[in-house]
Amino acid sequence: MVIDTHSHLDHSRFKDDFEEIIHKSLENGVERWVIPGADPRDLQKAVFLSENHDGIYFAVGIHPYHINDWDGNEDLFKFVHHKKNVAIGECGLDYYRLSKDQTEREVEIKNQKELFKKHIRIAKNLKKPLIIHIRDASEDAKQILIEENSDEVGGVLHCYNADDTLLALASKNFYFGIGGVITFANAKKLVNILPKIPLNRILLETDAPYLTPHPHRGERNEPAYTSLVAKKVAEILNKSPQEIAEISTANAKKLFKNII
C-alpha cells in the first residue's frame, strides 16, 4: 500500500470524475490519502469526503496564500477533533508572492508568521503533527519551528525544497514530503540531497492537482501518480519501488497516527 500524504482531493478540478480518480488510484496501489487544509472555504468538503471514503483523511489549516480568505472565525478549528483529522496544516511561510511595496511586504510577513505560530500552538495543544509549507522562507520557518518547540509534535515539510537549512530538522521529529518535483529534469538539487534524508523520514505525496510528475507534466496531477514518485525515489536510492512503498507507508502511519 502507498499513502499519498498530500493530495487536494477537495479541489474543484476533481469534482466531475472524483470516483474515477479514486478507482485509478487504487489500481496503482495508492490506497490512503490525506487532504491538507489549504483554503478554509474548502474544509467542509474535505470533511465530507473523509466521512464517505474509508481511506481519505484530512488536516485542518490555512495555506499562507489563503490567509486573506480566513475571516478569523475560530469555527474553522472545530474540525480538529474529528476522528479523520490527522494533522494541523497546511501551514507555514511563503514569501514568493509578497508585495513589492516594502511596507505592505512587512505586514504580510508579520501576518504569515503569526498565523504559522497559531497553527503550531494548536498542534501542540492537540498533540497533532504539522503539515508545513515553506517557500522562499527557510530561515524564518526554521527559526519559528525551533522557538515554538514544534518538535513536541513534529510534522512533514511538504514538497521539501532541498534546502540544507531544513535538513537538520530530521533530528527534530520532522519528515520530508517528496512529490512529483523529484521527476523533473531541473530537480538536480533535490535529487542530490535525497540520499541525505534518513529513510525513516521520507514521505510520498503528489500535491494533486499540482506539480504533476514526468511523463504527465502539463496534465492534471492525480493521487495515482504517487506510484511514479515512489519509482523515481527508488531509482535514486537504489531500492525497489516496493521497498520505498513499504518504508514511506510505515513512516506515514507513524506520523499520522489516525491512519489505518
# chains A, B, ... in the order shown; residues from 1 in each chain; ligands from 1
>>> residues_around(residues="stretch 185-192 of chain A", least_positions_apart="6", cutoff="8 Å", atoms="only C-alpha atoms", output="PyMOL selection string")
chain A and resi 161-162+236
>>> closest_atom_pairs(of="stretch 147-182 of chain A", to="stretch 122-131 of chain A", cutoff="10 Å", atoms="only C-alpha atoms", output="CSV")
residue,atom,partner,partner_atom,distance
A:Glu148,CA,A:Lys124,CA,9.4
A:Asn149,CA,A:Lys124,CA,8.8
A:Ser150,CA,A:Lys124,CA,7.2
A:Asp151,CA,A:Pro129,CA,9.1
A:Glu152,CA,A:Lys124,CA,6.8
A:Val153,CA,A:Pro129,CA,5.0
A:Gly154,CA,A:Pro129,CA,5.3
A:Gly155,CA,A:Leu130,CA,4.2
A:Val156,CA,A:Ile131,CA,5.2
A:Leu157,CA,A:Ile131,CA,6.5
A:His158,CA,A:Ile131,CA,6.4
A:Asn173,CA,A:Pro129,CA,9.5
A:Phe174,CA,A:Leu130,CA,8.9
A:Tyr175,CA,A:Ile131,CA,9.6
A:Gly177,CA,A:Ile131,CA,9.4
>>> write_last_selection(atoms="N, CA and C atoms", output="PDB file, in the first residue's frame")
ATOM      1  N   GLU A 148       9.220  27.711  18.793  1.00  0.00           N
ATOM      2  CA  GLU A 148       7.909  27.257  19.268  1.00  0.00           C
ATOM      3  C   GLU A 148       7.937  25.802  19.773  1.00  0.00           C
ATOM      4  N   ASN A 149       9.138  25.215  19.826  1.00  0.00           N
ATOM      5  CA  ASN A 149       9.278  23.832  20.306  1.00  0.00           C
ATOM      6  C   ASN A 149       8.354  22.870  19.562  1.00  0.00           C
ATOM      7  N   SER A 150       8.317  23.040  18.246  1.00  0.00           N
ATOM      8  CA  SER A 150       7.408  22.242  17.421  1.00  0.00           C
ATOM      9  C   SER A 150       7.801  20.767  17.359  1.00  0.00           C
ATOM     10  N   ASP A 151       9.030  20.445  17.777  1.00  0.00           N
ATOM     11  CA  ASP A 151       9.445  19.041  17.755  1.00  0.00           C
ATOM     12  C   ASP A 151       8.634  18.200  18.733  1.00  0.00           C
ATOM     13  N   GLU A 152       7.861  18.847  19.604  1.00  0.00           N
ATOM     14  CA  GLU A 152       6.980  18.101  20.502  1.00  0.00           C
ATOM     15  C   GLU A 152       5.971  17.271  19.716  1.00  0.00           C
ATOM     16  N   VAL A 153       5.575  17.781  18.539  1.00  0.00           N
ATOM     17  CA  VAL A 153       4.603  17.067  17.713  1.00  0.00           C
ATOM     18  C   VAL A 153       5.184  16.654  16.368  1.00  0.00           C
ATOM     19  N   GLY A 154       6.220  17.367  15.909  1.00  0.00           N
ATOM     20  CA  GLY A 154       6.819  17.039  14.630  1.00  0.00           C
ATOM     21  C   GLY A 154       5.891  17.360  13.476  1.00  0.00           C
ATOM     22  N   GLY A 155       6.195  16.783  12.334  1.00  0.00           N
ATOM     23  CA  GLY A 155       5.369  17.040  11.163  1.00  0.00           C
ATOM     24  C   GLY A 155       6.105  16.707   9.892  1.00  0.00           C
ATOM     25  N   VAL A 156       5.563  17.194   8.778  1.00  0.00           N
ATOM     26  CA  VAL A 156       6.173  16.943   7.473  1.00  0.00           C
ATOM     27  C   VAL A 156       6.420  18.267   6.774  1.00  0.00           C
ATOM     28  N   LEU A 157       7.600  18.391   6.178  1.00  0.00           N
ATOM     29  CA  LEU A 157       7.915  19.535   5.337  1.00  0.00           C
ATOM     30  C   LEU A 157       7.409  19.188   3.948  1.00  0.00           C
ATOM     31  N   HIS A 158       6.197  19.613   3.663  1.00  0.00           N
ATOM     32  CA  HIS A 158       5.547  19.313   2.391  1.00  0.00           C
ATOM     33  C   HIS A 158       6.350  19.874   1.227  1.00  0.00           C
ATOM     34  N   ASN A 173      12.180  15.339  14.772  1.00  0.00           N
ATOM     35  CA  ASN A 173      10.856  14.734  14.611  1.00  0.00           C
ATOM     36  C   ASN A 173      10.122  15.219  13.368  1.00  0.00           C
ATOM     37  N   PHE A 174      10.878  15.643  12.329  1.00  0.00           N
ATOM     38  CA  PHE A 174      10.247  16.085  11.094  1.00  0.00           C
ATOM     39  C   PHE A 174      10.557  15.149   9.938  1.00  0.00           C
ATOM     40  N   TYR A 175       9.553  15.037   9.057  1.00  0.00           N
ATOM     41  CA  TYR A 175       9.634  14.197   7.872  1.00  0.00           C
ATOM     42  C   TYR A 175       9.690  15.089   6.636  1.00  0.00           C
ATOM     43  N   GLY A 177       8.379  15.534   2.700  1.00  0.00           N
ATOM     44  CA  GLY A 177       7.450  15.117   1.666  1.00  0.00           C
ATOM     45  C   GLY A 177       8.095  15.224   0.298  1.00  0.00           C
TER      46      GLY A 177
END
>>> atom_distance(atom1="atom CA of A:Ile182", atom2="atom CA of A:Val60")
26.5 Å
>>> select_by_dssp(residues="stretch 6-237 of chain A", states="helix (DSSP H, G or I)", output="count of residues only")
118
>>> residues_around(residues="A:Ala141", least_positions_apart="4", cutoff="10 Å", atoms="only C-alpha atoms", output="list in words")
Gly92, Leu93, Asp94, Lys113, Phe116, Lys117, Ile132, His133, Ile134, Arg135, Asp136, Ala137, Leu145, Ile146, Glu147, Thr165 and Leu166 of chain A
>>> write_last_selection(atoms="C-alpha atoms", output="tab-separated table (two decimals), in the first residue's frame")
chain	number	residue	atom	x	y	z
A	92	GLY	CA	3.81	27.82	7.09
A	93	LEU	CA	5.52	30.68	5.29
A	94	ASP	CA	5.52	31.59	1.61
A	113	LYS	CA	4.36	34.41	10.97
A	116	PHE	CA	2.04	29.94	11.46
A	117	LYS	CA	2.66	30.20	15.20
A	132	ILE	CA	4.23	22.61	6.68
A	133	HIS	CA	4.54	24.66	3.51
A	134	ILE	CA	7.76	26.65	3.09
A	135	ARG	CA	8.72	28.67	0.03
A	136	ASP	CA	11.50	31.25	-0.07
A	137	ALA	CA	11.35	31.41	3.72
A	145	LEU	CA	9.71	25.87	14.40
A	146	ILE	CA	12.59	25.79	16.88
A	147	GLU	CA	11.41	28.73	19.01
A	165	THR	CA	18.89	24.67	6.23
A	166	LEU	CA	15.85	22.44	6.77
>>> residues_around(residues="A:Ser7", least_positions_apart="5", cutoff="12 Å", atoms="only C-alpha atoms", output="number ranges by chain")
A: 14, 21-22, 25, 30, 32-38, 46, 56-59, 90, 131, 158-159, 177, 179-180, 204-212, 221-226
>>> write_last_selection(atoms="C-alpha atoms", output="tab-separated table (two decimals), in the first residue's frame")
chain	number	residue	atom	x	y	z
A	14	PHE	CA	-11.73	16.67	-9.25
A	21	ILE	CA	-9.82	9.25	-9.76
A	22	ILE	CA	-10.12	7.17	-6.59
A	25	SER	CA	-5.54	5.48	-7.54
A	30	VAL	CA	-2.38	4.12	-3.66
A	32	ARG	CA	-4.85	6.14	1.53
A	33	TRP	CA	-4.99	9.90	1.02
A	34	VAL	CA	-4.50	12.95	3.22
A	35	ILE	CA	-6.25	16.16	2.18
A	36	PRO	CA	-4.32	19.11	3.65
A	37	GLY	CA	-6.25	22.13	4.87
A	38	ALA	CA	-5.46	24.97	2.47
A	46	ALA	CA	-12.66	17.65	2.77
A	56	ILE	CA	-9.48	9.53	3.00
A	57	TYR	CA	-8.22	11.64	5.90
A	58	PHE	CA	-7.79	15.38	6.25
A	59	ALA	CA	-5.89	18.10	8.07
A	90	GLU	CA	-1.10	23.08	5.61
A	131	ILE	CA	1.87	19.78	7.59
A	158	HIS	CA	5.55	19.31	2.39
A	159	CYS	CA	7.17	19.49	-1.06
A	177	GLY	CA	7.45	15.12	1.67
A	179	GLY	CA	6.48	14.57	-4.72
A	180	GLY	CA	6.46	14.93	-8.48
A	204	LEU	CA	5.46	10.30	-0.60
A	205	GLU	CA	2.97	12.86	-1.89
A	206	THR	CA	1.54	14.31	-5.10
A	207	ASP	CA	0.16	17.75	-4.20
A	208	ALA	CA	-2.51	16.88	-6.77
A	209	PRO	CA	-3.78	18.57	-8.87
A	210	TYR	CA	-0.46	20.47	-8.91
A	211	LEU	CA	3.18	19.53	-9.67
A	212	THR	CA	2.40	16.62	-12.00
A	221	ASN	CA	-1.91	15.64	-11.26
A	222	GLU	CA	-3.66	12.68	-9.59
A	223	PRO	CA	-3.07	10.51	-6.50
A	224	ALA	CA	-2.36	7.52	-8.75
A	225	TYR	CA	0.89	9.20	-9.73
A	226	THR	CA	2.29	8.68	-6.23
>>> residues_around(residues="A:Glu235", least_positions_apart="6", cutoff="12 Å", atoms="only C-alpha atoms", output="PDB file with C-alpha atoms, in the first residue's frame")
ATOM      1  CA  ILE A 182      11.738  14.665  -7.953  1.00  0.00           C
ATOM      2  CA  THR A 183      10.984  13.532 -11.536  1.00  0.00           C
ATOM      3  CA  VAL A 191      17.966  14.502  -6.440  1.00  0.00           C
ATOM      4  CA  LEU A 194      17.568  12.919  -1.296  1.00  0.00           C
ATOM      5  CA  PRO A 195      20.189  10.329  -0.180  1.00  0.00           C
ATOM      6  CA  LEU A 228       5.641   7.304 -10.181  1.00  0.00           C
ATOM      7  CA  VAL A 229       7.194   9.265  -7.328  1.00  0.00           C
ATOM      8  CA  PRO A 241       9.678   0.581  -5.580  1.00  0.00           C
ATOM      9  CA  GLN A 242       8.146  -1.965  -3.206  1.00  0.00           C
ATOM     10  CA  GLU A 243      10.734  -1.126  -0.536  1.00  0.00           C
ATOM     11  CA  ILE A 244      10.070   2.590  -0.881  1.00  0.00           C
TER      12      ILE A 244
END
>>> select_by_dssp(residues="stretch 21-258 of chain A", states="strand (DSSP E)", output="mmCIF file with C-alpha atoms, in the first residue's frame")
data_model
loop_
_atom_site.group_PDB
_atom_site.id
_atom_site.type_symbol
_atom_site.label_atom_id
_atom_site.label_comp_id
_atom_site.auth_asym_id
_atom_site.auth_seq_id
_atom_site.Cartn_x
_atom_site.Cartn_y
_atom_site.Cartn_z
ATOM 1 C CA VAL A 30 -2.383 4.123 -3.663
ATOM 2 C CA GLU A 31 -4.992 3.308 -1.015
ATOM 3 C CA ARG A 32 -4.852 6.142 1.526
ATOM 4 C CA TRP A 33 -4.989 9.898 1.018
ATOM 5 C CA VAL A 34 -4.503 12.949 3.222
ATOM 6 C CA ILE A 35 -6.248 16.164 2.180
ATOM 7 C CA ILE A 56 -9.475 9.526 2.995
ATOM 8 C CA TYR A 57 -8.219 11.637 5.900
ATOM 9 C CA PHE A 58 -7.790 15.378 6.245
ATOM 10 C CA ALA A 59 -5.886 18.101 8.069
ATOM 11 C CA VAL A 60 -7.120 21.449 9.369
ATOM 12 C CA ASN A 85 -8.357 14.633 11.229
ATOM 13 C CA VAL A 86 -4.711 13.553 11.250
ATOM 14 C CA ALA A 87 -2.780 16.831 11.355
ATOM 15 C CA ILE A 88 -2.734 20.618 11.592
ATOM 16 C CA GLY A 89 -1.907 22.381 8.350
ATOM 17 C CA GLU A 90 -1.105 23.083 5.610
ATOM 18 C CA CYS A 91 0.526 25.999 7.327
ATOM 19 C CA GLY A 92 3.809 27.824 7.091
ATOM 20 C CA LEU A 93 5.523 30.684 5.290
ATOM 21 C CA ASP A 94 5.521 31.591 1.609
ATOM 22 C CA LEU A 130 2.061 19.646 11.380
ATOM 23 C CA ILE A 131 1.872 19.783 7.590
ATOM 24 C CA ILE A 132 4.229 22.611 6.680
ATOM 25 C CA HIS A 133 4.540 24.661 3.509
ATOM 26 C CA ILE A 134 7.762 26.650 3.091
ATOM 27 C CA ARG A 135 8.721 28.665 0.030
ATOM 28 C CA GLY A 155 5.369 17.040 11.163
ATOM 29 C CA VAL A 156 6.173 16.943 7.473
ATOM 30 C CA LEU A 157 7.915 19.535 5.337
ATOM 31 C CA HIS A 158 5.547 19.313 2.391
ATOM 32 C CA PHE A 174 10.247 16.085 11.094
ATOM 33 C CA TYR A 175 9.634 14.197 7.872
ATOM 34 C CA PHE A 176 10.211 15.252 4.268
ATOM 35 C CA GLY A 177 7.450 15.117 1.666
ATOM 36 C CA ILE A 178 8.746 14.047 -1.737
ATOM 37 C CA ILE A 202 10.675 10.076 3.767
ATOM 38 C CA LEU A 203 7.008 10.504 2.866
ATOM 39 C CA LEU A 204 5.459 10.295 -0.604
#
>>> closest_residue(among="A:Ser50, A:Asn28, A:Gln44, A:Thr103", to="A:Ile259", atoms="only C-alpha atoms")
A:Ser50
>>> residues_around(residues="A:Leu76", least_positions_apart="6", cutoff="10 Å", atoms="only C-alpha atoms", output="ChimeraX atom specification")
/A:40-41,43-44,60-62,70
